[in-house]
$ cat structure39.csv   # CSV, C-alpha atoms and all ligand atoms
chain,number,residue,atom,x,y,z
A,158,MET,CA,-30.9,256.2,164.5
A,159,ALA,CA,-30.3,257.6,161.0
A,160,SER,CA,-28.5,260.8,160.4
A,161,GLN,CA,-29.1,263.1,157.5
A,162,THR,CA,-26.7,265.5,155.9
A,163,GLY,CA,-28.3,267.5,153.2
A,164,ALA,CA,-29.7,265.1,150.6
A,165,ASP,CA,-27.1,262.4,151.5
A,166,VAL,CA,-28.0,259.5,153.6
A,167,VAL,CA,-28.6,258.1,156.0
A,168,ALA,CA,-29.5,254.7,157.2
A,169,THR,CA,-27.1,253.1,159.7
A,170,GLY,CA,-28.1,249.6,158.6
A,171,SER,CA,-28.9,248.3,155.2
A,172,VAL,CA,-32.2,249.0,153.7
A,173,ARG,CA,-33.7,246.8,151.0
A,174,VAL,CA,-36.3,248.7,149.0
A,175,LEU,CA,-38.8,247.1,146.7
A,176,GLY,CA,-39.6,249.4,143.7
A,177,ILE,CA,-42.9,249.2,141.8
A,178,ALA,CA,-43.7,251.2,138.7
A,179,GLY,CA,-47.4,251.5,138.0
A,180,SER,CA,-47.2,251.4,134.2
A,181,LEU,CA,-47.0,248.5,131.7
A,182,ARG,CA,-45.8,250.7,128.9
A,183,ALA,CA,-42.4,249.8,127.5
A,184,GLY,CA,-41.2,253.4,127.4
A,185,SER,CA,-42.8,254.3,130.7
A,186,PHE,CA,-41.5,257.5,132.3
A,187,ASN,CA,-42.4,256.1,135.7
A,188,ARG,CA,-40.3,253.0,135.2
A,189,ALA,CA,-37.5,255.3,134.1
A,190,LEU,CA,-38.0,257.4,137.2
A,191,LEU,CA,-37.7,254.2,139.3
A,192,HIS,CA,-34.5,253.3,137.5
A,193,ALA,CA,-33.2,256.7,138.2
A,194,ALA,CA,-33.9,256.1,141.9
A,195,MET,CA,-32.0,252.8,141.7
A,196,GLU,CA,-29.0,254.7,140.3
A,197,LEU,CA,-29.3,257.5,142.9
A,198,ALA,CA,-29.8,255.2,146.0
A,199,PRO,CA,-27.6,256.2,148.8
A,200,ALA,CA,-25.0,253.9,150.4
A,201,GLY,CA,-26.6,251.3,152.4
A,202,MET,CA,-29.8,251.3,150.4
A,203,GLU,CA,-30.6,248.8,147.6
A,204,ILE,CA,-33.6,249.1,145.4
A,205,THR,CA,-34.9,246.2,143.4
A,206,GLU,CA,-37.8,246.3,141.0
A,207,PHE,CA,-40.9,244.1,141.1
A,208,THR,CA,-41.4,243.4,137.4
A,209,ARG,CA,-44.5,241.2,137.4
A,210,ILE,CA,-47.5,243.4,137.9
A,211,ALA,CA,-48.7,242.7,134.4
A,212,GLU,CA,-49.1,239.0,135.4
A,213,ILE,CA,-51.4,239.7,138.3
A,214,PRO,CA,-55.0,239.0,137.5
A,215,HIS,CA,-57.9,241.3,138.4
A,216,TYR,CA,-58.6,241.0,142.1
A,217,ASN,CA,-61.3,238.4,142.8
A,218,ALA,CA,-61.9,237.2,146.3
A,219,ASP,CA,-63.0,233.9,144.9
A,220,LEU,CA,-59.4,233.3,143.7
A,221,ASP,CA,-57.8,234.5,146.9
A,222,GLY,CA,-56.9,232.3,149.9
A,223,ARG,CA,-54.7,229.2,149.9
A,224,ALA,CA,-54.7,228.9,146.1
A,225,ALA,CA,-54.1,232.6,145.3
A,226,PRO,CA,-52.5,233.3,141.9
A,227,GLU,CA,-48.8,232.8,142.0
A,228,PRO,CA,-47.9,236.4,140.7
A,229,ALA,CA,-50.0,237.9,143.5
A,230,VAL,CA,-48.3,235.6,146.1
A,231,ALA,CA,-45.0,236.6,144.6
A,232,LEU,CA,-45.9,240.3,145.1
A,233,ARG,CA,-46.9,239.7,148.7
A,234,ARG,CA,-43.7,237.8,149.4
A,235,ALA,CA,-41.5,240.5,147.8
A,236,ILE,CA,-43.2,243.2,149.9
A,237,ALA,CA,-42.8,241.2,153.0
A,238,GLU,CA,-39.1,240.6,152.4
A,239,ALA,CA,-38.4,244.3,151.7
A,240,ASP,CA,-37.7,246.9,154.4
A,241,ALA,CA,-39.5,249.5,152.4
A,242,LEU,CA,-41.4,250.3,149.3
A,243,LEU,CA,-40.9,252.9,146.6
A,244,ILE,CA,-43.8,253.4,144.2
A,245,ALA,CA,-43.6,255.4,140.9
A,246,THR,CA,-47.1,256.1,139.8
A,247,PRO,CA,-48.5,257.5,136.6
A,248,GLU,CA,-51.6,259.6,136.7
A,249,TYR,CA,-54.6,258.3,134.8
A,250,ASN,CA,-57.7,260.5,134.8
A,251,TYR,CA,-56.6,262.2,138.0
A,252,SER,CA,-56.0,258.9,139.8
A,253,ILE,CA,-53.7,255.9,139.9
A,254,PRO,CA,-53.8,253.4,137.0
A,255,GLY,CA,-56.0,250.3,137.5
A,256,VAL,CA,-53.0,248.0,137.2
A,257,LEU,CA,-51.4,249.6,140.3
A,258,LYS,CA,-54.6,249.7,142.3
A,259,ASN,CA,-55.1,246.1,141.5
A,260,ALA,CA,-51.6,245.2,142.7
A,261,ILE,CA,-52.3,247.1,145.9
A,262,ASP,CA,-55.6,245.4,146.4
A,263,TRP,CA,-54.0,241.9,146.2
A,264,ALA,CA,-51.2,243.0,148.5
A,265,SER,CA,-53.7,244.4,151.0
A,266,ARG,CA,-55.4,241.1,151.7
A,267,PRO,CA,-56.0,239.6,154.1
A,268,PRO,CA,-56.0,242.7,156.3
A,269,ALA,CA,-54.7,240.9,159.3
A,270,THR,CA,-51.5,239.8,157.6
A,271,THR,CA,-51.0,242.3,154.8
A,272,PRO,CA,-47.3,242.9,154.2
A,273,LEU,CA,-48.2,246.6,153.6
A,274,ARG,CA,-48.9,247.1,157.2
A,275,ASP,CA,-46.1,249.1,158.9
A,276,LYS,CA,-44.1,249.0,155.6
A,277,PRO,CA,-42.4,252.4,155.2
A,278,THR,CA,-43.2,253.6,151.7
A,279,ALA,CA,-42.2,256.5,149.4
A,280,ILE,CA,-44.2,257.7,146.5
A,281,MET,CA,-43.2,259.6,143.4
A,282,GLY,CA,-44.5,260.0,139.9
A,283,ALA,CA,-44.0,261.3,136.4
A,284,SER,CA,-46.6,262.7,134.0
A,285,THR,CA,-46.5,264.3,130.6
A,286,GLY,CA,-48.7,267.2,131.8
A,287,MET,CA,-48.1,270.0,134.3
A,288,GLY,CA,-49.5,268.2,137.4
A,289,GLY,CA,-46.7,265.7,137.8
A,290,THR,CA,-49.1,263.1,139.2
A,291,MET,CA,-50.1,265.2,142.2
A,292,ARG,CA,-53.7,264.1,142.1
A,293,ALA,CA,-52.8,260.4,141.7
A,294,GLN,CA,-50.3,260.6,144.5
A,295,TYR,CA,-53.0,261.8,146.9
A,296,HIS,CA,-55.2,258.9,145.9
A,297,LEU,CA,-52.3,256.5,146.4
A,298,ARG,CA,-51.8,257.9,149.9
A,299,GLN,CA,-55.5,257.3,150.6
A,300,CYS,CA,-55.1,253.6,149.8
A,301,PHE,CA,-52.5,253.4,152.5
A,302,VAL,CA,-54.8,254.5,155.3
A,303,LEU,CA,-56.6,251.2,155.7
A,304,THR,CA,-53.5,249.2,155.3
A,305,ARG,CA,-51.7,251.3,158.0
A,306,THR,CA,-48.8,251.9,155.6
A,307,PRO,CA,-46.6,254.8,156.8
A,308,THR,CA,-45.6,257.0,153.9
A,309,VAL,CA,-42.9,259.7,153.4
A,310,LEU,CA,-44.7,263.1,153.5
A,311,GLN,CA,-42.1,265.2,151.9
A,312,PRO,CA,-40.4,265.9,149.5
A,313,GLU,CA,-43.1,265.3,146.9
A,314,VAL,CA,-41.5,264.2,143.7
A,315,LEU,CA,-43.9,265.5,141.0
A,316,CYS,CA,-42.1,265.0,137.7
A,317,ALA,CA,-44.1,267.2,135.4
A,318,PHE,CA,-43.6,267.5,131.7
A,319,ALA,CA,-41.7,264.2,131.8
A,320,ALA,CA,-40.9,264.1,128.1
A,321,GLN,CA,-38.5,267.0,128.7
A,322,LYS,CA,-36.7,265.4,131.6
A,323,PHE,CA,-35.6,262.1,130.2
A,324,ASP,CA,-33.4,261.4,127.3
A,325,ALA,CA,-34.1,259.0,124.5
A,326,ASP,CA,-32.6,256.1,126.5
A,327,GLY,CA,-34.9,256.9,129.4
A,328,ARG,CA,-32.2,258.5,131.6
A,329,LEU,CA,-33.4,261.2,133.9
A,330,HIS,CA,-31.3,264.2,133.1
A,331,ASP,CA,-33.2,266.9,134.9
A,332,GLU,CA,-30.9,267.9,137.8
A,333,LYS,CA,-33.7,269.3,140.0
A,334,THR,CA,-35.7,266.1,139.8
A,335,ARG,CA,-32.6,264.0,140.5
A,336,GLU,CA,-32.0,266.0,143.6
A,337,LEU,CA,-35.6,265.5,144.7
A,338,VAL,CA,-35.3,261.8,144.2
A,339,ARG,CA,-32.2,261.7,146.3
A,340,ALA,CA,-34.0,263.7,149.0
A,341,LEU,CA,-37.0,261.3,148.9
A,342,LEU,CA,-34.7,258.3,149.3
A,343,ALA,CA,-33.0,260.0,152.2
A,344,ALA,CA,-36.4,260.6,153.8
A,345,LEU,CA,-37.3,257.0,153.2
A,346,GLY,CA,-34.1,255.8,154.9
A,347,VAL,CA,-35.0,258.0,157.9
A,348,LEU,CA,-38.5,256.6,158.1
A,349,VAL,CA,-37.2,253.1,158.0
A,350,GLU,CA,-34.9,253.8,160.9
A,351,GLN,CA,-37.7,255.5,162.9
A,352,TRP,CA,-40.0,252.6,162.3
A,353,ARG,CA,-37.3,250.1,163.4
A,354,ALA,CA,-36.7,252.2,166.5
A,355,THR,CA,-40.3,252.5,167.7
A,356,PRO,CA,-42.1,249.1,167.3
A,357,ALA,CA,-43.7,249.7,170.7
A,358,ALA,CA,-45.5,252.8,169.4
A,359,ARG,CA,-47.5,250.7,166.9
B,1,LIG,C1,-55.8,256.7,130.3
B,1,LIG,C2,-54.8,257.8,130.5
B,1,LIG,C3,-55.2,258.8,131.4
B,1,LIG,C4,-54.3,259.9,131.6
B,1,LIG,N1,-54.7,260.8,132.5
B,1,LIG,C5,-53.8,261.8,132.9
B,1,LIG,C6,-54.1,262.7,134.0
B,1,LIG,O1,-55.2,262.6,134.6
B,1,LIG,N2,-53.2,263.6,134.3
B,1,LIG,C7,-51.9,263.6,133.7
B,1,LIG,O2,-51.1,264.4,134.1
B,1,LIG,N3,-51.6,262.8,132.7
B,1,LIG,C8,-52.5,261.9,132.3
B,1,LIG,N4,-52.2,261.0,131.3
B,1,LIG,C9,-50.9,261.1,130.6
B,1,LIG,C10,-49.8,260.4,131.4
B,1,LIG,O3,-49.2,261.3,132.2
B,1,LIG,C11,-48.8,259.9,130.4
B,1,LIG,O4,-49.4,259.0,129.5
B,1,LIG,C12,-47.6,259.2,131.1
B,1,LIG,O5,-46.6,259.0,130.2
B,1,LIG,C13,-48.0,257.9,131.7
B,1,LIG,O6,-47.0,257.4,132.5
B,1,LIG,P1,-45.9,256.3,131.9
B,1,LIG,O7,-45.1,257.1,131.0
B,1,LIG,O8,-45.2,255.8,133.1
B,1,LIG,O9,-46.7,255.2,131.2
B,1,LIG,C14,-53.1,259.9,131.0
B,1,LIG,C15,-52.7,258.9,130.1
B,1,LIG,C16,-53.6,257.9,129.9
B,1,LIG,C17,-53.1,256.7,129.0

$ encode --input "structure39.csv" --output "structure tokens"
Amino acid sequence: MASQTGADVVATGSVRVLGIAGSLRAGSFNRALLHAAMELAPAGMEITEFTRIAEIPHYNADLDGRAAPEPAVALRRAIAEADALLIATPEYNYSIPGVLKNAIDWASRPPATTPLRDKPTAIMGASTGMGGTMRAQYHLRQCFVLTRTPTVLQPEVLCAFAAQKFDADGRLHDEKTRELVRALLAALGVLVEQWRATPAAR
């Protein structure tokens, strides 16, 4: 079982986390937030980034099946091989960007074998406005009901006014947000350990 001391972690075993940033923008604050998490990951946790969501075509059931597009298959495989997911979502019109929803749609099929099922997942987000992606994060949680994806409930990492929190090189310098990211990763480590310990409950 994991132990938690303050915002430090945590997992007794090693935890491989797949990170996904839901923005294609070169200067994305959400990718920068994900990179901050990679830097702040506790001992025993390794976060790698899935960098190919731009290559995934629009979901089309006619393309799915044995000959599914290679980037979508790569996403499914990367999720399956990870112990946990960490998603940094922008907020577009009070919801998640289409590119992220599309990636989740591919990963969610077929429902009987989706790698999202039982995959402990943490959510965070950065926006330039005052909401900090709060509304998008609730929509993202909703996507994970049908897939039976357990998500970290708290802390909520709502990085509002992102332009003030990253420097010109994309480094997160806001200490409160850095602390929240550490706490989120600690909570993800605990969720992974809980999920490993209770397979019979599923
Ligand atoms: C199409 C579009 C819709 C947006 N809608 C919202 C919104 O609903 N709420 C919000 O806080 N910011 C909104 N924004 C601003 C984003 O927070 C901002 O562009 C942010 O930098 C996007 O994340 P990124 O830096 O990772 O690309 C929107 C931006 C775009 C391009």

$ closest_atom_pairs --input "structure39.csv" --of "chain A" --to "ligand LIG 1 (chain B)" --cutoff "12 Å" --atoms "all atoms listed in the file" --output "CSV"
residue,atom,partner,partner_atom,distance
A:Ile177,CA,B:LIG1,O8,11.2
A:Ala178,CA,B:LIG1,O8,7.4
A:Gly179,CA,B:LIG1,O8,6.9
A:Ser180,CA,B:LIG1,O9,4.9
A:Leu181,CA,B:LIG1,O9,6.7
A:Arg182,CA,B:LIG1,O9,5.1
A:Ala183,CA,B:LIG1,O9,7.8
A:Gly184,CA,B:LIG1,O7,6.5
A:Ser185,CA,B:LIG1,O7,3.6
A:Phe186,CA,B:LIG1,O7,3.8
A:Asn187,CA,B:LIG1,O8,3.8
A:Arg188,CA,B:LIG1,O8,6.0
A:Ala189,CA,B:LIG1,O8,7.8
A:Leu190,CA,B:LIG1,O8,8.4
A:Leu191,CA,B:LIG1,O8,9.9
A:His192,CA,B:LIG1,O8,11.8
A:Ile244,CA,B:LIG1,O8,11.4
A:Ala245,CA,B:LIG1,O8,8.0
A:Thr246,CA,B:LIG1,O8,7.0
A:Pro247,CA,B:LIG1,O6,4.4
A:Glu248,CA,B:LIG1,C6,4.8
A:Tyr249,CA,B:LIG1,N1,3.4
A:Asn250,CA,B:LIG1,O1,3.3
A:Tyr251,CA,B:LIG1,O1,3.7
A:Ser252,CA,B:LIG1,O1,6.4
A:Ile253,CA,B:LIG1,O1,8.7
A:Pro254,CA,B:LIG1,C1,7.7
A:Gly255,CA,B:LIG1,C1,9.6
A:Val256,CA,B:LIG1,O9,11.3
A:Leu257,CA,B:LIG1,O8,11.3
A:Met281,CA,B:LIG1,O8,11.2
A:Gly282,CA,B:LIG1,O8,8.0
A:Ala283,CA,B:LIG1,O6,6.3
A:Ser284,CA,B:LIG1,O3,3.5
A:Thr285,CA,B:LIG1,O3,4.3
A:Gly286,CA,B:LIG1,O2,4.3
A:Met287,CA,B:LIG1,O2,6.4
A:Gly288,CA,B:LIG1,O2,5.3
A:Gly289,CA,B:LIG1,O2,5.9
A:Thr290,CA,B:LIG1,O2,5.6
A:Met291,CA,B:LIG1,O2,8.2
A:Arg292,CA,B:LIG1,O1,7.8
A:Ala293,CA,B:LIG1,O1,7.8
A:Gln294,CA,B:LIG1,N2,11.0
A:His296,CA,B:LIG1,O1,11.9
A:Leu315,CA,B:LIG1,O2,10.0
A:Cys316,CA,B:LIG1,O2,9.7
A:Ala317,CA,B:LIG1,O2,7.7
A:Phe318,CA,B:LIG1,O3,8.4
A:Ala319,CA,B:LIG1,O5,7.3
A:Ala320,CA,B:LIG1,O5,7.9
A:Gln321,CA,B:LIG1,O5,11.5
A:Lys322,CA,B:LIG1,O7,11.8
A:Phe323,CA,B:LIG1,O7,10.8
A:Gly327,CA,B:LIG1,O7,10.3

$ atom_distance --input "structure39.csv" --atom1 "atom CA of Leu310 of chain A" --atom2 "atom CA of Val230 of chain A"
28.7 Å

$ residues_around --input "structure39.csv" --residues "Ala340 of chain A" --least-positions-apart "3" --cutoff "7 Å" --atoms "all atoms listed in the file" --output "list in words"
Ala164, Pro312, Glu336, Leu337, Ala343 and Ala344 of chain A

$ closest_atom_pairs --input "structure39.csv" --of "segment 293-333 of chain A" --to "segment 197-205 of chain A" --cutoff "12 Å" --atoms "only C-alpha atoms" --output "Markdown table"
| residue | atom | partner | partner_atom | distance |
| --- | --- | --- | --- | --- |
| A:Arg328 | CA | A:Leu197 | CA | 11.7 |
| A:Leu329 | CA | A:Leu197 | CA | 10.6 |
| A:Glu332 | CA | A:Leu197 | CA | 11.7 |

$ atom_distance --input "structure39.csv" --atom1 "atom CA of Arg233 of chain A" --atom2 "atom CA of Leu303 of chain A"
16.6 Å

$ atom_distance --input "structure39.csv" --atom1 "atom CA of Lys276 of chain A" --atom2 "atom CA of Val302 of chain A"
12.0 Å

$ closest_residue --input "structure39.csv" --among "A:Leu273, A:Ala264, A:Ala354, A:Ile280" --to "Ala229 of chain A" --atoms "all atoms listed in the file"
A:Ala264

$ closest_residue --input "structure39.csv" --among "A:Ser171, A:Asn259, A:Asn217, A:Thr308" --to "Asp240 of chain A" --atoms "all atoms listed in the file"
A:Ser171
